[in-house]
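For reference, the structure is listed below as structure tokens.
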Amino acid sequence: MFDPAAITGLPTLGSAVDVLAGQAAVEGGYGAKLDWARTRAADFRREFSATGTPDSVVTCDLVTLPYPTRFGLFRAGRAIAPFLSITNRMLVIRWRETHGRQRILLFEPSDVERGENTPYFAALKARIPNFVEKLAVRRHGTVENHLSRLGIRPEDVDYLMFDHLHTQDLRRWVGTGTRDAYFPNAKVIVQRDELAGMANLHPLQRPWYQVDAFDDVPAEAFLAADGGLLLGPGVAVIATPGHVFGNQTLVLNTSTGIWASSENAVAAECLTPEHSRIPGLARWSRAWRQEVVLNANTLETTADQYNSIILEKSIVDRSQADPRFPQFFPSSELSAAWTNPGTGPTFTHKTLTHSG
């Protein structure tokens with residue numbers, strides 16, 4: 001997979017978010033780390049809001065697909081439907097550096113066609129009749145078509161970023177030793193911890209990574225992040241470990257305030273389950289005194305993921321459409337489907353847009 005020496009030597013970018021550094025060294029257990037997250041979130045909000053805003057943010061729908069209810073709603077959902085629906089979306093973020101150069105970041109530019117080769121989803125597809133798949137899976141648009149519509153050439157794209165690399169096959173985007181890159185100038189922003197973990201996967205992780213797809217991806221395609229980084233005005237990435245060890249979250253400062261986007265939860269209401277009308281969520285939250293509902297297809301470090309969602313929840317502003325719900329934009333958002341009774345969301349963002 002990856003040479004550990006190459007991972008150590010990968011270049012990084014941006015300026016470090018010092019206020020969010022040091023959580024791993026906090027003493028006193030996970031409860032102390034949770035307190036740390038709440039306190040540092042307020043400091044980060046203050047500093048981040050002063051950095052400005054990007055030029056624009058545009059949402060592009062890619063695909064709606066089935067996902068096990070027991071993963072998306074963890075132990076909280078009481079629906080009898082074995083699957084819920086999630087919609088994967090790409091965000092296109094543009095900003096200018098201090099010297100005037102424009103930068104373009106694609107967040108979650110999933111190669112949907114190749115994502116089907118992920119071991120878990122490949123096994124699931126093999127068990128589902130074709131007519132059921134046609135009912136359950138809806139493709140909305142490709143990365144290439146969305147960028148063409150926006151007038152963005154492949155060579156204009158500077159950065160690709162995912163909250164984590166589950167299901168991803170990057171070979172089409174960044175090339176291999178024998179294949180040219182579709183995005184010839186783009187680098188993939190990834191936490192160094194995730195690349196290190198992918199070099200020696202645990203059996204619990206294997207169903208979700210296409211690890212062989214990275215064998216021929218050149219190390220120079222990556223830019224490593226060691227925690228939080230400010231990428232541009234109102235654009236940052238922060239470390240949110242738990243869902244995977246090297247999980248990361250995109251944070252944006254926009255005309256409606258601060259947003260965060262990751263796959264730590266599948267719906268904004270999972271961060272305020274007391275306001276959810278999904279069967280079971282509010283009751284479960286009260287009974288177990290838990291503030292959030294995790295997206296738990298992997299349980300690498302559950303307490304870390306819980307603390308990361310609290311950090312996200314504490315950083316963002318409340319929705320202007322309904323202040324009961326935070327401006328947390330799931331990179332795979334729970335979507336209503338008649339085939340999945342009892343899993344329809346109370347509230348959805350559907351888009352995250354900004355124009356400077």
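Naming works like this for the structure tokens: A, B, ... for the chains as they're shown, residue 1 at the start of each chain, ligands 1 onward in shown order.
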Show which residues sit within 6 Å of segment 217-230 of chain A, as an MDAnalysis selection string. Count only C-alpha atoms, and ignore same-chain residues fewer than 6 positions away. chainID A and resid 10:12 14:17 176 187:192 236:239
For Thr51 of chain A, find every residue with an atom within 9 Å (counting only C-alpha atoms), except residues of its own chain fewer than 4 positions away, and show them as a compact mmCIF listing (two decimals) with all heavy atoms, in the first residue's frame.
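That gives us selection_34.txt:
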# COMPACT_ATOMS: atom_id res chain seq x y z
N GLU A 47 -11.73 32.66 16.57
CA GLU A 47 -10.60 32.87 15.68
C GLU A 47 -10.98 32.63 14.22
O GLU A 47 -10.59 33.39 13.33
CB GLU A 47 -9.45 31.93 16.07
CG GLU A 47 -8.82 32.25 17.42
CD GLU A 47 -7.64 31.36 17.73
OE1 GLU A 47 -7.22 30.58 16.83
OE2 GLU A 47 -7.12 31.44 18.87
N LEU A 230 -5.86 25.83 8.56
CA LEU A 230 -6.60 26.89 7.89
C LEU A 230 -6.11 26.91 6.45
O LEU A 230 -4.93 27.15 6.18
CB LEU A 230 -6.35 28.24 8.56
CG LEU A 230 -7.07 29.42 7.92
CD1 LEU A 230 -8.58 29.31 8.09
CD2 LEU A 230 -6.57 30.74 8.50
N GLY A 232 -7.75 28.66 3.78
CA GLY A 232 -7.99 29.93 3.13
C GLY A 232 -8.99 30.72 3.95
O GLY A 232 -9.43 30.27 5.02
N PRO A 233 -9.42 31.90 3.49
CA PRO A 233 -10.40 32.69 4.24
C PRO A 233 -11.69 31.91 4.45
O PRO A 233 -12.36 31.53 3.50
CB PRO A 233 -10.64 33.91 3.34
CG PRO A 233 -9.48 33.96 2.42
CD PRO A 233 -9.03 32.55 2.22
N GLY A 234 -12.01 31.61 5.70
CA GLY A 234 -13.24 30.90 6.01
C GLY A 234 -13.25 29.46 5.55
O GLY A 234 -14.34 28.87 5.42
N VAL A 235 -12.10 28.85 5.33
CA VAL A 235 -12.01 27.45 4.89
C VAL A 235 -10.97 26.74 5.75
O VAL A 235 -9.80 27.14 5.76
CB VAL A 235 -11.61 27.32 3.41
CG1 VAL A 235 -11.65 25.85 2.98
CG2 VAL A 235 -12.51 28.16 2.52
N ASN A 253 -16.88 29.22 6.88
CA ASN A 253 -17.52 30.43 7.37
C ASN A 253 -18.24 31.08 6.20
O ASN A 253 -17.62 31.43 5.20
CB ASN A 253 -16.48 31.39 7.96
CG ASN A 253 -17.12 32.58 8.66
OD1 ASN A 253 -18.20 32.45 9.22
ND2 ASN A 253 -16.46 33.72 8.62
Would you mind listing what lies within 8 Å of Glu274 of chain A as number ranges by chain, with only C-alpha atoms counted and same-chain residues fewer than 5 positions away left out? A: 281-283, 285-286
Restricting the calculation to only C-alpha atoms, which member of A:Ile309, A:Ala287, A:Leu62, A:Leu231 is positioned closest to Ala76 of chain A? A:Ala287
Just how far from atom CA of Thr39 of chain A is atom CA of Asn297 of chain A, in Å to one decimal?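 Calculated distance between atom CA of Asn297 of chain A and atom CA of Thr39 of chain A is 28.4 Å.
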Mind pulling up the distance from atom CA of Leu65 of chain A to atom CA of Ala136 of chain A?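 Those two atoms sit 6.0 Å apart.
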Considering only C-alpha atoms, return as an mmCIF file with all heavy atoms, in the first residue's frame whatever protein or nucleic-acid residues lie within 12 Å of Gln102 of chain A, sequence-local ones (same chain, fewer than 2 positions apart) excluded.
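Output file part21.cif follows:
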data_model
loop_
_atom_site.group_PDB
_atom_site.id
_atom_site.type_symbol
_atom_site.label_atom_id
_atom_site.label_comp_id
_atom_site.auth_asym_id
_atom_site.auth_seq_id
_atom_site.Cartn_x
_atom_site.Cartn_y
_atom_site.Cartn_z
ATOM 1 N N PRO A 54 -14.960 32.383 2.097
ATOM 2 C CA PRO A 54 -14.543 32.050 0.727
ATOM 3 C C PRO A 54 -15.342 32.848 -0.283
ATOM 4 O O PRO A 54 -16.333 33.511 0.059
ATOM 5 C CB PRO A 54 -14.836 30.550 0.629
ATOM 6 C CG PRO A 54 -15.939 30.320 1.612
ATOM 7 C CD PRO A 54 -15.695 31.279 2.738
ATOM 8 N N ASP A 55 -14.944 32.772 -1.543
ATOM 9 C CA ASP A 55 -15.682 33.464 -2.603
ATOM 10 C C ASP A 55 -17.023 32.798 -2.870
ATOM 11 O O ASP A 55 -18.031 33.472 -3.083
ATOM 12 C CB ASP A 55 -14.858 33.492 -3.899
ATOM 13 C CG ASP A 55 -13.601 34.329 -3.766
ATOM 14 O OD1 ASP A 55 -13.582 35.258 -2.938
ATOM 15 O OD2 ASP A 55 -12.628 34.038 -4.480
ATOM 16 N N SER A 56 -17.032 31.464 -2.874
ATOM 17 C CA SER A 56 -18.287 30.773 -3.161
ATOM 18 C C SER A 56 -18.229 29.338 -2.668
ATOM 19 O O SER A 56 -17.153 28.742 -2.550
ATOM 20 C CB SER A 56 -18.605 30.781 -4.660
ATOM 21 O OG SER A 56 -17.677 29.986 -5.376
ATOM 22 N N ILE A 93 -15.653 24.599 -3.421
ATOM 23 C CA ILE A 93 -15.320 25.804 -2.644
ATOM 24 C C ILE A 93 -14.242 26.583 -3.375
ATOM 25 O O ILE A 93 -13.220 26.004 -3.801
ATOM 26 C CB ILE A 93 -14.829 25.425 -1.227
ATOM 27 C CG1 ILE A 93 -15.904 24.611 -0.492
ATOM 28 C CG2 ILE A 93 -14.499 26.669 -0.431
ATOM 29 C CD1 ILE A 93 -15.630 23.135 -0.441
ATOM 30 N N ARG A 94 -14.471 27.888 -3.555
ATOM 31 C CA ARG A 94 -13.495 28.752 -4.215
ATOM 32 C C ARG A 94 -13.119 29.914 -3.298
ATOM 33 O O ARG A 94 -13.986 30.486 -2.630
ATOM 34 C CB ARG A 94 -14.061 29.290 -5.539
ATOM 35 C CG ARG A 94 -14.171 28.226 -6.610
ATOM 36 C CD ARG A 94 -14.704 28.781 -7.914
ATOM 37 N NE ARG A 94 -16.119 28.507 -8.079
ATOM 38 C CZ ARG A 94 -16.768 28.475 -9.228
ATOM 39 N NH1 ARG A 94 -16.113 28.687 -10.346
ATOM 40 N NH2 ARG A 94 -18.051 28.203 -9.291
ATOM 41 N N TRP A 95 -11.836 30.230 -3.261
ATOM 42 C CA TRP A 95 -11.375 31.386 -2.484
ATOM 43 C C TRP A 95 -10.137 31.965 -3.144
ATOM 44 O O TRP A 95 -9.558 31.339 -4.033
ATOM 45 C CB TRP A 95 -11.079 31.002 -1.040
ATOM 46 C CG TRP A 95 -9.863 30.149 -0.824
ATOM 47 C CD1 TRP A 95 -8.575 30.570 -0.625
ATOM 48 C CD2 TRP A 95 -9.815 28.715 -0.792
ATOM 49 N NE1 TRP A 95 -7.733 29.495 -0.468
ATOM 50 C CE2 TRP A 95 -8.466 28.348 -0.553
ATOM 51 C CE3 TRP A 95 -10.775 27.705 -0.920
ATOM 52 C CZ2 TRP A 95 -8.055 27.021 -0.450
ATOM 53 C CZ3 TRP A 95 -10.374 26.389 -0.829
ATOM 54 C CH2 TRP A 95 -9.037 26.057 -0.588
ATOM 55 N N ARG A 96 -9.739 33.140 -2.694
ATOM 56 C CA ARG A 96 -8.521 33.769 -3.207
ATOM 57 C C ARG A 96 -7.513 33.928 -2.080
ATOM 58 O O ARG A 96 -7.862 34.309 -0.959
ATOM 59 C CB ARG A 96 -8.826 35.135 -3.843
ATOM 60 C CG ARG A 96 -9.642 35.011 -5.114
ATOM 61 C CD ARG A 96 -9.701 36.294 -5.926
ATOM 62 N NE ARG A 96 -10.488 36.079 -7.136
ATOM 63 C CZ ARG A 96 -9.987 35.580 -8.267
ATOM 64 N NH1 ARG A 96 -8.689 35.277 -8.335
ATOM 65 N NH2 ARG A 96 -10.752 35.397 -9.311
ATOM 66 N N GLU A 97 -6.279 33.634 -2.414
ATOM 67 C CA GLU A 97 -5.208 33.837 -1.459
ATOM 68 C C GLU A 97 -4.867 35.318 -1.377
ATOM 69 O O GLU A 97 -5.360 36.132 -2.170
ATOM 70 C CB GLU A 97 -3.986 33.009 -1.868
ATOM 71 C CG GLU A 97 -4.262 31.507 -1.832
ATOM 72 C CD GLU A 97 -3.042 30.680 -2.166
ATOM 73 O OE1 GLU A 97 -2.103 31.223 -2.815
ATOM 74 O OE2 GLU A 97 -3.010 29.499 -1.779
ATOM 75 N N THR A 98 -4.017 35.688 -0.437
ATOM 76 C CA THR A 98 -3.720 37.109 -0.206
ATOM 77 C C THR A 98 -3.118 37.780 -1.441
ATOM 78 O O THR A 98 -3.332 38.967 -1.661
ATOM 79 C CB THR A 98 -2.766 37.258 0.982
ATOM 80 O OG1 THR A 98 -1.612 36.420 0.769
ATOM 81 C CG2 THR A 98 -3.444 36.847 2.285
ATOM 82 N N HIS A 99 -2.389 37.035 -2.264
ATOM 83 C CA HIS A 99 -1.796 37.621 -3.470
ATOM 84 C C HIS A 99 -2.746 37.574 -4.660
ATOM 85 O O HIS A 99 -2.374 37.959 -5.769
ATOM 86 C CB HIS A 99 -0.489 36.902 -3.812
ATOM 87 C CG HIS A 99 -0.651 35.438 -4.079
ATOM 88 N ND1 HIS A 99 -0.613 34.497 -3.081
ATOM 89 C CD2 HIS A 99 -0.868 34.750 -5.228
ATOM 90 C CE1 HIS A 99 -0.788 33.292 -3.609
ATOM 91 N NE2 HIS A 99 -0.951 33.419 -4.903
ATOM 92 N N GLY A 100 -3.974 37.092 -4.445
ATOM 93 C CA GLY A 100 -4.994 37.144 -5.478
ATOM 94 C C GLY A 100 -5.220 35.871 -6.254
ATOM 95 O O GLY A 100 -6.163 35.799 -7.055
ATOM 96 N N ILE A 104 -9.363 26.294 -5.801
ATOM 97 C CA ILE A 104 -10.598 25.504 -5.882
ATOM 98 C C ILE A 104 -10.388 24.194 -5.139
ATOM 99 O O ILE A 104 -9.435 23.452 -5.416
ATOM 100 C CB ILE A 104 -11.011 25.230 -7.336
ATOM 101 C CG1 ILE A 104 -11.287 26.545 -8.073
ATOM 102 C CG2 ILE A 104 -12.242 24.327 -7.381
ATOM 103 C CD1 ILE A 104 -11.642 26.371 -9.540
ATOM 104 N N LEU A 105 -11.276 23.929 -4.206
ATOM 105 C CA LEU A 105 -11.277 22.684 -3.430
ATOM 106 C C LEU A 105 -12.561 21.924 -3.728
ATOM 107 O O LEU A 105 -13.656 22.497 -3.677
ATOM 108 C CB LEU A 105 -11.205 23.002 -1.939
ATOM 109 C CG LEU A 105 -11.565 21.876 -0.952
ATOM 110 C CD1 LEU A 105 -10.510 20.770 -0.986
ATOM 111 C CD2 LEU A 105 -11.718 22.415 0.467
ATOM 112 N N ILE A 152 -15.770 24.954 -14.627
ATOM 113 C CA ILE A 152 -14.475 24.657 -14.009
ATOM 114 C C ILE A 152 -13.780 23.571 -14.817
ATOM 115 O O ILE A 152 -14.317 22.478 -15.012
ATOM 116 C CB ILE A 152 -14.658 24.196 -12.550
ATOM 117 C CG1 ILE A 152 -15.268 25.320 -11.715
ATOM 118 C CG2 ILE A 152 -13.337 23.730 -11.952
ATOM 119 C CD1 ILE A 152 -15.615 24.914 -10.302
ATOM 120 N N ASP A 156 -8.074 23.397 -13.381
ATOM 121 C CA ASP A 156 -8.277 24.509 -12.450
ATOM 122 C C ASP A 156 -8.355 24.051 -11.001
ATOM 123 O O ASP A 156 -8.246 24.873 -10.078
ATOM 124 C CB ASP A 156 -9.578 25.256 -12.783
ATOM 125 C CG ASP A 156 -9.541 25.932 -14.145
ATOM 126 O OD1 ASP A 156 -8.432 26.262 -14.612
ATOM 127 O OD2 ASP A 156 -10.612 26.116 -14.744
ATOM 128 N N VAL A 157 -8.592 22.770 -10.782
ATOM 129 C CA VAL A 157 -8.822 22.258 -9.432
ATOM 130 C C VAL A 157 -7.490 22.080 -8.712
ATOM 131 O O VAL A 157 -6.565 21.441 -9.216
ATOM 132 C CB VAL A 157 -9.587 20.931 -9.474
ATOM 133 C CG1 VAL A 157 -9.730 20.335 -8.073
ATOM 134 C CG2 VAL A 157 -10.960 21.135 -10.120
ATOM 135 N N ASP A 158 -7.405 22.653 -7.495
ATOM 136 C CA ASP A 158 -6.173 22.605 -6.710
ATOM 137 C C ASP A 158 -6.160 21.470 -5.696
ATOM 138 O O ASP A 158 -5.128 20.840 -5.473
ATOM 139 C CB ASP A 158 -5.980 23.925 -5.960
ATOM 140 C CG ASP A 158 -5.844 25.110 -6.889
ATOM 141 O OD1 ASP A 158 -4.766 25.253 -7.489
ATOM 142 O OD2 ASP A 158 -6.808 25.888 -7.016
ATOM 143 N N TYR A 159 -7.321 21.238 -5.048
ATOM 144 C CA TYR A 159 -7.349 20.298 -3.935
ATOM 145 C C TYR A 159 -8.580 19.399 -4.014
ATOM 146 O O TYR A 159 -9.676 19.842 -4.390
ATOM 147 C CB TYR A 159 -7.390 21.036 -2.587
ATOM 148 C CG TYR A 159 -6.299 22.059 -2.408
ATOM 149 C CD1 TYR A 159 -6.615 23.411 -2.266
ATOM 150 C CD2 TYR A 159 -4.950 21.687 -2.379
ATOM 151 C CE1 TYR A 159 -5.621 24.362 -2.101
ATOM 152 C CE2 TYR A 159 -3.955 22.632 -2.216
ATOM 153 C CZ TYR A 159 -4.295 23.972 -2.082
ATOM 154 O OH TYR A 159 -3.310 24.910 -1.919
ATOM 155 N N GLY A 232 -7.748 28.657 3.777
ATOM 156 C CA GLY A 232 -7.994 29.928 3.132
ATOM 157 C C GLY A 232 -8.994 30.719 3.951
ATOM 158 O O GLY A 232 -9.430 30.268 5.022
ATOM 159 N N PRO A 233 -9.420 31.899 3.490
ATOM 160 C CA PRO A 233 -10.397 32.691 4.243
ATOM 161 C C PRO A 233 -11.691 31.907 4.451
ATOM 162 O O PRO A 233 -12.363 31.528 3.499
ATOM 163 C CB PRO A 233 -10.638 33.914 3.335
ATOM 164 C CG PRO A 233 -9.476 33.956 2.416
ATOM 165 C CD PRO A 233 -9.029 32.550 2.224
#
Step one, run DSSP on the backbone; step two, keep only residues of segment 142-353 of chain A assigned to strand (DSSP E or B); then write them as a PyMOL selection string. chain A and resi 159-161+187-191+222-225+229-232+235-239+248-254+257-261+318+326+328+332-335
May I have the selected residues written with N, CA, C and O atoms, as a short mmCIF file (atom, residue, chain, number, x, y, z; two decimals), in the first residue's frame?
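Output contents, as saved in selection-v6.cif:
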data_model
loop_
_atom_site.label_atom_id
_atom_site.label_comp_id
_atom_site.auth_asym_id
_atom_site.auth_seq_id
_atom_site.Cartn_x
_atom_site.Cartn_y
_atom_site.Cartn_z
N TYR A 159 -7.32 21.24 -5.05
CA TYR A 159 -7.35 20.30 -3.94
C TYR A 159 -8.58 19.40 -4.01
O TYR A 159 -9.68 19.84 -4.39
N LEU A 160 -8.40 18.14 -3.63
CA LEU A 160 -9.48 17.20 -3.40
C LEU A 160 -9.43 16.83 -1.92
O LEU A 160 -8.35 16.69 -1.34
N MET A 161 -10.59 16.68 -1.31
CA MET A 161 -10.60 16.31 0.10
C MET A 161 -11.83 15.48 0.41
O MET A 161 -12.92 15.72 -0.13
N LYS A 187 -4.07 18.08 -5.55
CA LYS A 187 -3.51 17.26 -4.48
C LYS A 187 -4.63 16.87 -3.52
O LYS A 187 -5.58 17.63 -3.31
N VAL A 188 -4.49 15.69 -2.93
CA VAL A 188 -5.50 15.17 -2.00
C VAL A 188 -5.08 15.52 -0.57
O VAL A 188 -4.01 15.10 -0.12
N ILE A 189 -5.92 16.28 0.12
CA ILE A 189 -5.66 16.65 1.51
C ILE A 189 -6.18 15.53 2.40
O ILE A 189 -7.37 15.21 2.38
N VAL A 190 -5.31 14.93 3.18
CA VAL A 190 -5.68 13.78 4.00
C VAL A 190 -4.90 13.83 5.30
O VAL A 190 -3.77 14.33 5.34
N GLN A 191 -5.50 13.35 6.37
CA GLN A 191 -4.79 13.27 7.63
C GLN A 191 -3.70 12.19 7.51
O GLN A 191 -3.95 11.09 7.04
N PHE A 222 -0.62 13.30 -2.55
CA PHE A 222 -1.21 13.65 -1.26
C PHE A 222 -0.51 14.83 -0.61
O PHE A 222 0.70 15.02 -0.75
N LEU A 223 -1.30 15.60 0.12
CA LEU A 223 -0.80 16.61 1.05
C LEU A 223 -1.27 16.19 2.43
O LEU A 223 -2.48 16.00 2.65
N ALA A 224 -0.36 16.03 3.36
CA ALA A 224 -0.70 15.50 4.67
C ALA A 224 -1.09 16.61 5.63
O ALA A 224 -0.50 17.69 5.65
N ALA A 225 -2.10 16.32 6.43
CA ALA A 225 -2.51 17.20 7.52
C ALA A 225 -2.24 16.50 8.84
O ALA A 225 -2.52 15.31 8.98
N LEU A 229 -6.03 22.60 9.97
CA LEU A 229 -5.33 23.53 9.09
C LEU A 229 -6.30 24.58 8.58
O LEU A 229 -7.43 24.26 8.20
N LEU A 230 -5.86 25.83 8.56
CA LEU A 230 -6.60 26.89 7.89
C LEU A 230 -6.11 26.91 6.45
O LEU A 230 -4.93 27.15 6.18
N LEU A 231 -7.01 26.64 5.51
CA LEU A 231 -6.65 26.53 4.10
C LEU A 231 -6.78 27.85 3.37
O LEU A 231 -6.03 28.13 2.42
N GLY A 232 -7.75 28.66 3.78
CA GLY A 232 -7.99 29.93 3.13
C GLY A 232 -8.99 30.72 3.95
O GLY A 232 -9.43 30.27 5.02
N VAL A 235 -12.10 28.85 5.33
CA VAL A 235 -12.01 27.45 4.89
C VAL A 235 -10.97 26.74 5.75
O VAL A 235 -9.80 27.14 5.76
N ALA A 236 -11.40 25.72 6.48
CA ALA A 236 -10.47 24.99 7.34
C ALA A 236 -10.81 23.52 7.35
O ALA A 236 -11.94 23.11 7.04
N VAL A 237 -9.83 22.72 7.71
CA VAL A 237 -10.05 21.30 7.97
C VAL A 237 -9.59 21.06 9.41
O VAL A 237 -8.58 21.60 9.84
N ILE A 238 -10.39 20.30 10.17
CA ILE A 238 -10.02 19.96 11.53
C ILE A 238 -10.06 18.45 11.71
O ILE A 238 -10.81 17.77 11.03
N ALA A 239 -9.24 17.96 12.60
CA ALA A 239 -9.21 16.52 12.88
C ALA A 239 -10.39 16.16 13.77
O ALA A 239 -10.63 16.79 14.79
N GLN A 248 -11.56 13.61 9.32
CA GLN A 248 -11.40 15.06 9.30
C GLN A 248 -12.71 15.71 8.87
O GLN A 248 -13.55 15.08 8.23
N THR A 249 -12.87 16.96 9.23
CA THR A 249 -14.11 17.70 8.98
C THR A 249 -13.79 19.00 8.26
O THR A 249 -12.86 19.72 8.65
N LEU A 250 -14.56 19.30 7.23
CA LEU A 250 -14.46 20.60 6.56
C LEU A 250 -15.27 21.61 7.35
O LEU A 250 -16.42 21.35 7.70
N VAL A 251 -14.69 22.78 7.61
CA VAL A 251 -15.39 23.85 8.31
C VAL A 251 -15.37 25.09 7.41
O VAL A 251 -14.34 25.45 6.84
N LEU A 252 -16.54 25.71 7.26
CA LEU A 252 -16.69 26.87 6.37
C LEU A 252 -17.36 28.01 7.11
O LEU A 252 -18.31 27.81 7.87
N ASN A 253 -16.88 29.22 6.88
CA ASN A 253 -17.52 30.43 7.37
C ASN A 253 -18.24 31.08 6.20
O ASN A 253 -17.62 31.43 5.20
N THR A 254 -19.56 31.20 6.30
CA THR A 254 -20.37 31.64 5.16
C THR A 254 -21.26 32.82 5.55
O THR A 254 -21.23 33.30 6.69
N GLY A 257 -23.19 32.01 8.56
CA GLY A 257 -22.45 31.60 9.74
C GLY A 257 -21.57 30.40 9.46
O GLY A 257 -21.27 30.07 8.31
N ILE A 258 -21.18 29.72 10.51
CA ILE A 258 -20.22 28.62 10.41
C ILE A 258 -20.94 27.29 10.19
O ILE A 258 -21.94 26.99 10.84
N TRP A 259 -20.39 26.50 9.27
CA TRP A 259 -20.86 25.15 8.96
C TRP A 259 -19.74 24.15 9.17
O TRP A 259 -18.56 24.50 9.07
N ALA A 260 -20.11 22.90 9.39
CA ALA A 260 -19.16 21.79 9.40
C ALA A 260 -19.76 20.66 8.57
O ALA A 260 -20.97 20.46 8.57
N SER A 261 -18.89 19.94 7.87
CA SER A 261 -19.36 18.83 7.04
C SER A 261 -18.46 17.63 7.24
O SER A 261 -17.24 17.71 7.11
N ARG A 318 -26.53 27.77 14.29
CA ARG A 318 -27.83 27.12 14.10
C ARG A 318 -28.43 27.51 12.75
O ARG A 318 -28.20 28.61 12.24
N PRO A 326 -28.51 22.27 13.96
CA PRO A 326 -27.24 22.94 13.70
C PRO A 326 -26.88 22.94 12.22
O PRO A 326 -27.39 22.13 11.44
N PHE A 328 -24.75 21.62 10.61
CA PHE A 328 -23.92 20.46 10.32
C PHE A 328 -24.46 19.85 9.05
O PHE A 328 -25.63 19.47 8.98
N SER A 332 -22.88 12.61 3.71
CA SER A 332 -23.89 11.64 3.24
C SER A 332 -25.12 11.87 4.09
O SER A 332 -25.21 11.39 5.22
N GLU A 333 -26.09 12.62 3.54
CA GLU A 333 -27.23 13.09 4.34
C GLU A 333 -28.43 12.16 4.22
O GLU A 333 -28.82 11.73 3.12
N LEU A 334 -29.05 11.87 5.35
CA LEU A 334 -30.27 11.08 5.40
C LEU A 334 -31.34 11.70 4.50
O LEU A 334 -31.59 12.91 4.57
N SER A 335 -31.95 10.88 3.67
CA SER A 335 -32.94 11.36 2.70
C SER A 335 -34.19 10.50 2.79
O SER A 335 -34.12 9.29 3.01
#
